[in-house]
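A.B. asks: Shown below is the structure under consideration.
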Amino acid sequence: MANKHGHGRERIQFANTEDKQEFSKYPTKAGRRSLSRSISQSSTDSYSSAASYTDSSDDETSPRDKAQVNTQGSSDFCVKNIKQAEFGRREIEIAEQDMSALISLRKRAQGEKPLAGAKIVGCTHITAQTAVLIETLIALGAQCRWTACNIYSTQNEVAAALAETGVPVFAWKGESEDDFWWCIDRCVNTEGWQANMILDDGGDLTHWVYKKYPSVFKKVRGIVEESVTGVHRLYQLSKAGKLCVPAMNVNDSVTKQKFDNLYCCRESILDGLKRTTDIMFGGKQVVVCGYGEVGKGCCTALKALGAIVCITEIDPICALQGCMDGFRVVKLSEVIRQMDVVITCTGNKNVVTREQLDRMKNGCIVCNMGHSNTEIDVASLRSPELTWERVRSQVDHIIWPDGKRVVLLAEGRLLNLSCSTVPTFVLSITATTQALALIELFNAPEGRYKQDVYLLPKKMDEYVASLHLPNFDAHLTELSDEQAKYMGLNKNGPFKPNYYRY
């Protein structure tokens, strides 16, 4: 999806002492129970109908403490409630209806089994749309083990449906940080099974394997990464000479970046804010921190509904684009007192500091649309003089001693996947891109890809787009031989050079 992401997972910095202190507020089983209970009982849950399938006894017990078995007799999974599988299956079937390209890919390649022998360990958002991807990979011959890249975005019923079909899934909505790393470890560290492909969203799975099980990389043929943050971490490894396998940067493929980051966030920013706050956007003062693809999508949507939008930027090119699109470029400290809504989407850390939070006006809404959960300094708000009041799922009022309230959404984590939903069609594009990247890396002859980070070949990017055109009854114009020769192109593509900016 991040932002997966844009719309990829917000990064939990395991080595960050402040974050560890923040999460130590929920160190016990009781802490895990109360957190998951508040989420599952909320009427504003991303898939609120799921609450009816979760009784109170389920909420009181951590999945790690429950012995569950699917109808095949397997217990190699850890989900909230395996009894929700039937409901989750219906969610997956609904998602399949708007993911025709992925289903088409499944049918075209099912006979060839291009992923036969692939053992894929995945760490992504676990939603109905992801389930369609996982089941497509399995139909193409792969074995999969899966965990969540976000502690809030898992659809419990979908995780149960996957577990029921025999996919080892370790995820539930409302995990603690300890749960999060435990689930990743259970996916990687299992007797008699070793991954040879990694599909990651945010880089935490890759980080964990490097830290705990570096020998796994001796058999891994490649890593596919879909988020800004995860790709950044891969490039850091490559620069340091520590990347020991080829990696595919899916995030910067044209189809993923434009659809998952720009078009998706253009819709899901409004969805997330409406579900959590019921805000009226007309006339509201909004500052969007970062004017990349995610920021552009957010600004377009907010401006269309009458919000008065300004942006912050470090990049003069993006800042100039913002000016030409009609947005004032400001420093956050200059406007923070007047803002009704503050939205971060940079992928950086400490974009909104405690000093700026102190200066916000009463009722200001603060949220994050970038991948990393480090953008808002939430750890600094866990202080004795401030009171936290949970008003609904993923919505906290932070109360200052003078009575001022700041509305914090999803504790600074990814708003759209924590508090709302993402359009299935957009996720179909991302999932198809991920599947093709896995097929490419797994089947590439030795020597084609070295220990470096690669972009998806443009021919594959165009193929992903072409698979989705039938949804719109779109008909491509074909080049004549004379036209193709004049342009120096192959009639079947690729149609643009690698340096072309869409």
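Ligands are numbered from 1 in the order shown, chains are lettered A, B, ... in the order of the structure tokens, and residues start at 1 in each chain.
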Identify, on the basis of only C-alpha atoms, every residue whose closest approach to range 162-166 of chain A does not exceed 8 Å; exclude the query and any residue fewer than 2 positions from it along the same chain; express the result as a ChimeraX atom specification.
C.D. replies: /A:70-72,74,77,79,82,85,131,158-160,168-169
A.B. asks: Mind checking which residues fall within 8 Å of range 328-336 of chain A, counting only C-alpha atoms, ignoring those fewer than 6 positions away in the same chain, and posting them as a ChimeraX atom specification?
C.D. replies: /A:287,289,309-313,319,322,356,359-360
A.B. asks: Can you list, as a list in words, every protein, DNA or RNA residue that comes within 10 Å of Gly412 in chain A when you count only C-alpha atoms, leaving out same-chain residues fewer than 3 positions away?
C.D. replies: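 Neighbouring residues, sequence-local ones excluded: Glu10, Ile343, Thr344, Val366, Cys367, Asn368, Met369, Gly370, Ser372, Asn373, Thr374, Glu375, Ile376, Asp377, Val378, Ala379, Gln394, Leu408, Leu409, Leu415 and Ser418 of chain A.
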A.B. asks: Where does DSSP see strand (DSSP E) in range 84-213 of chain A, if you list the residues as an MDAnalysis selection string?
C.D. replies: chainID A and resid 119:124 143:148 169:170 197:200
A.B. asks: Okay, now the selection with all heavy atoms, as a tab-separated table (two decimals), in the first residue's frame?
C.D. replies:
```
chain	number	residue	atom	x	y	z
A	119	LYS	N	10.51	-19.95	-1.53
A	119	LYS	CA	10.06	-19.92	-0.14
A	119	LYS	C	10.11	-18.46	0.30
A	119	LYS	O	11.17	-17.94	0.62
A	119	LYS	CB	10.93	-20.81	0.73
A	119	LYS	CG	10.83	-22.30	0.37
A	119	LYS	CD	11.70	-23.15	1.28
A	119	LYS	CE	11.53	-24.63	0.95
A	119	LYS	NZ	12.38	-25.50	1.81
A	120	ILE	N	8.94	-17.84	0.31
A	120	ILE	CA	8.85	-16.39	0.51
A	120	ILE	C	8.44	-16.09	1.94
A	120	ILE	O	7.41	-16.58	2.42
A	120	ILE	CB	7.85	-15.76	-0.47
A	120	ILE	CG1	8.24	-16.08	-1.91
A	120	ILE	CG2	7.76	-14.25	-0.25
A	120	ILE	CD1	7.17	-15.70	-2.93
A	121	VAL	N	9.22	-15.28	2.62
A	121	VAL	CA	8.80	-14.75	3.92
A	121	VAL	C	8.41	-13.29	3.69
A	121	VAL	O	9.17	-12.52	3.09
A	121	VAL	CB	9.90	-14.91	4.99
A	121	VAL	CG1	11.18	-14.19	4.61
A	121	VAL	CG2	9.41	-14.44	6.34
A	122	GLY	N	7.20	-12.93	4.12
A	122	GLY	CA	6.67	-11.60	3.83
A	122	GLY	C	6.33	-10.83	5.09
A	122	GLY	O	5.88	-11.40	6.09
A	123	CYS	N	6.54	-9.52	5.03
A	123	CYS	CA	6.18	-8.63	6.13
A	123	CYS	C	5.53	-7.41	5.52
A	123	CYS	O	6.20	-6.49	5.07
A	123	CYS	CB	7.43	-8.26	6.92
A	123	CYS	SG	7.12	-7.18	8.34
A	124	THR	N	4.18	-7.42	5.46
A	124	THR	CA	3.42	-6.34	4.84
A	124	THR	C	2.18	-6.08	5.69
A	124	THR	O	1.94	-6.74	6.69
A	124	THR	CB	2.97	-6.73	3.42
A	124	THR	OG1	2.03	-7.82	3.51
A	124	THR	CG2	4.14	-7.14	2.55
A	143	GLN	N	5.88	-21.21	-1.56
A	143	GLN	CA	5.49	-21.43	-0.18
A	143	GLN	C	5.68	-20.10	0.54
A	143	GLN	O	6.66	-19.39	0.29
A	143	GLN	CB	6.37	-22.48	0.49
A	143	GLN	CG	6.27	-23.88	-0.11
A	143	GLN	CD	7.22	-24.85	0.58
A	143	GLN	OE1	7.55	-24.71	1.75
A	143	GLN	NE2	7.71	-25.82	-0.19
A	144	CYS	N	4.76	-19.75	1.43
A	144	CYS	CA	4.81	-18.44	2.08
A	144	CYS	C	4.64	-18.54	3.59
A	144	CYS	O	3.88	-19.38	4.08
A	144	CYS	CB	3.70	-17.52	1.52
A	144	CYS	SG	3.83	-17.14	-0.23
A	145	ARG	N	5.35	-17.68	4.29
A	145	ARG	CA	5.12	-17.41	5.70
A	145	ARG	C	5.00	-15.90	5.84
A	145	ARG	O	5.77	-15.15	5.23
A	145	ARG	CB	6.28	-17.93	6.58
A	145	ARG	CG	6.43	-19.44	6.55
A	145	ARG	CD	7.59	-19.90	7.42
A	145	ARG	NE	7.33	-19.71	8.84
A	145	ARG	CZ	6.68	-20.58	9.61
A	145	ARG	NH1	6.22	-21.71	9.07
A	145	ARG	NH2	6.50	-20.35	10.88
A	146	TRP	N	4.03	-15.43	6.64
A	146	TRP	CA	3.71	-14.00	6.60
A	146	TRP	C	3.52	-13.39	7.98
A	146	TRP	O	3.01	-14.05	8.90
A	146	TRP	CB	2.42	-13.79	5.79
A	146	TRP	CG	2.55	-12.67	4.79
A	146	TRP	CD1	2.18	-11.37	4.94
A	146	TRP	CD2	3.13	-12.78	3.49
A	146	TRP	NE1	2.48	-10.66	3.80
A	146	TRP	CE2	3.06	-11.51	2.89
A	146	TRP	CE3	3.69	-13.83	2.76
A	146	TRP	CZ2	3.52	-11.25	1.60
A	146	TRP	CZ3	4.15	-13.58	1.49
A	146	TRP	CH2	4.07	-12.30	0.91
A	147	THR	N	3.93	-12.13	8.09
A	147	THR	CA	3.70	-11.36	9.31
A	147	THR	C	3.35	-9.93	8.94
A	147	THR	O	3.46	-9.54	7.77
A	147	THR	CB	4.95	-11.40	10.22
A	147	THR	OG1	4.64	-10.77	11.47
A	147	THR	CG2	6.13	-10.67	9.57
A	148	ALA	N	2.93	-9.14	9.92
A	148	ALA	CA	2.45	-7.78	9.65
A	148	ALA	C	3.56	-6.76	9.83
A	148	ALA	O	4.39	-6.87	10.73
A	148	ALA	CB	1.29	-7.44	10.58
A	169	VAL	N	0.58	-17.59	9.31
A	169	VAL	CA	0.43	-16.15	9.50
A	169	VAL	C	0.61	-15.84	10.97
A	169	VAL	O	0.02	-16.50	11.83
A	169	VAL	CB	-0.95	-15.66	9.03
A	169	VAL	CG1	-1.13	-14.19	9.34
A	169	VAL	CG2	-1.13	-15.91	7.55
A	170	PHE	N	1.39	-14.80	11.25
A	170	PHE	CA	1.61	-14.39	12.64
A	170	PHE	C	1.33	-12.89	12.72
A	170	PHE	O	2.21	-12.06	12.47
A	170	PHE	CB	3.05	-14.72	13.06
A	170	PHE	CG	3.37	-16.18	12.98
A	170	PHE	CD1	3.80	-16.75	11.78
A	170	PHE	CD2	3.21	-17.00	14.08
A	170	PHE	CE1	4.07	-18.12	11.69
A	170	PHE	CE2	3.47	-18.36	14.00
A	170	PHE	CZ	3.90	-18.92	12.81
A	197	MET	N	13.41	-16.02	-0.51
A	197	MET	CA	12.98	-14.73	-1.03
A	197	MET	C	12.38	-13.93	0.12
A	197	MET	O	11.73	-14.51	1.02
A	197	MET	CB	11.93	-14.88	-2.13
A	197	MET	CG	12.42	-15.53	-3.42
A	197	MET	SD	13.64	-14.56	-4.31
A	197	MET	CE	12.69	-13.11	-4.77
A	198	ILE	N	12.55	-12.61	0.10
A	198	ILE	CA	11.98	-11.73	1.13
A	198	ILE	C	11.12	-10.67	0.44
A	198	ILE	O	11.57	-10.01	-0.50
A	198	ILE	CB	13.09	-11.05	1.96
A	198	ILE	CG1	13.82	-12.09	2.82
A	198	ILE	CG2	12.51	-9.95	2.83
A	198	ILE	CD1	15.02	-11.53	3.58
A	199	LEU	N	9.89	-10.51	0.92
A	199	LEU	CA	9.02	-9.41	0.49
A	199	LEU	C	8.77	-8.54	1.71
A	199	LEU	O	8.16	-8.98	2.68
A	199	LEU	CB	7.70	-9.94	-0.08
A	199	LEU	CG	6.68	-8.87	-0.51
A	199	LEU	CD1	7.26	-7.95	-1.56
A	199	LEU	CD2	5.40	-9.51	-1.02
A	200	ASP	N	9.27	-7.32	1.67
A	200	ASP	CA	9.26	-6.47	2.85
A	200	ASP	C	8.55	-5.15	2.57
A	200	ASP	O	8.49	-4.69	1.43
A	200	ASP	CB	10.70	-6.20	3.30
A	200	ASP	CG	10.82	-5.97	4.81
A	200	ASP	OD1	9.79	-5.92	5.49
A	200	ASP	OD2	11.97	-5.86	5.29
```
A.B. asks: Pick the closest to Ile398 in chain A from A:Lys349, A:Arg382, A:Arg413, A:His232: which is it, counting only C-alpha atoms?
C.D. replies: A:Arg382
A.B. asks: Go ahead and compute the interatomic distance for CA of Pro63 in chain A and CA of Cys78 in chain A, in Å to one decimal.
C.D. replies: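 A separation of 6.2 Å between them.
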A.B. asks: Which residue, A:Pro214, A:Pro494, A:Gly222, A:Gly290, has the smallest gap to Val188 in chain A when you use only C-alpha atoms?
C.D. replies: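 Between A:Pro214, A:Pro494, A:Gly222, A:Gly290, the residue approaching Val188 in chain A most closely is A:Pro214.
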A.B. asks: Quick one: residues within 7 Å of range 297-302 of chain A, only C-alpha atoms, excluding same-chain residues fewer than 2 positions away - as number ranges by chain?
C.D. replies: A: 262-263, 265-267, 269, 293-295, 304-307, 309
A.B. asks: What's the 12 Å shell around Trp400 in chain A, counting only C-alpha atoms, without same-chain residues fewer than 2 positions away, as a PyMOL selection string?
C.D. replies: chain A and resi 357-363+381-389+397-398+402-407
A.B. asks: Could you pull the residues within 10 Å of Asp252 in chain A, counting only C-alpha atoms, minus those fewer than 5 positions along the same chain, as a list in words?
C.D. replies: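 Those residues are Glu225, Glu226, Ser227, Val228, Val231, Gln257, Lys258, Tyr454, Leu455 and Leu456 of chain A.
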A.B. asks: Between A:Lys173, A:Val220, A:Ser104, A:Glu478, which one has atoms that come closest to Asn490 in chain A, using only C-alpha atoms?
C.D. replies: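 Ranking A:Lys173, A:Val220, A:Ser104, A:Glu478 by distance to Asn490 in chain A, first place goes to A:Glu478.
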A.B. asks: Please return as a ChimeraX atom specification: the residues of range 221-299 of chain A that backbone DSSP assigns to helix (DSSP H, G or I).
C.D. replies: /A:228-239,254-277,293-299
A.B. asks: Could you tell me how far CA of Arg64 in chain A lies from CA of Lys80 in chain A, in Å and to one decimal?
C.D. replies: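 For CA of Arg64 in chain A relative to CA of Lys80 in chain A, the distance reads 8.9 Å.
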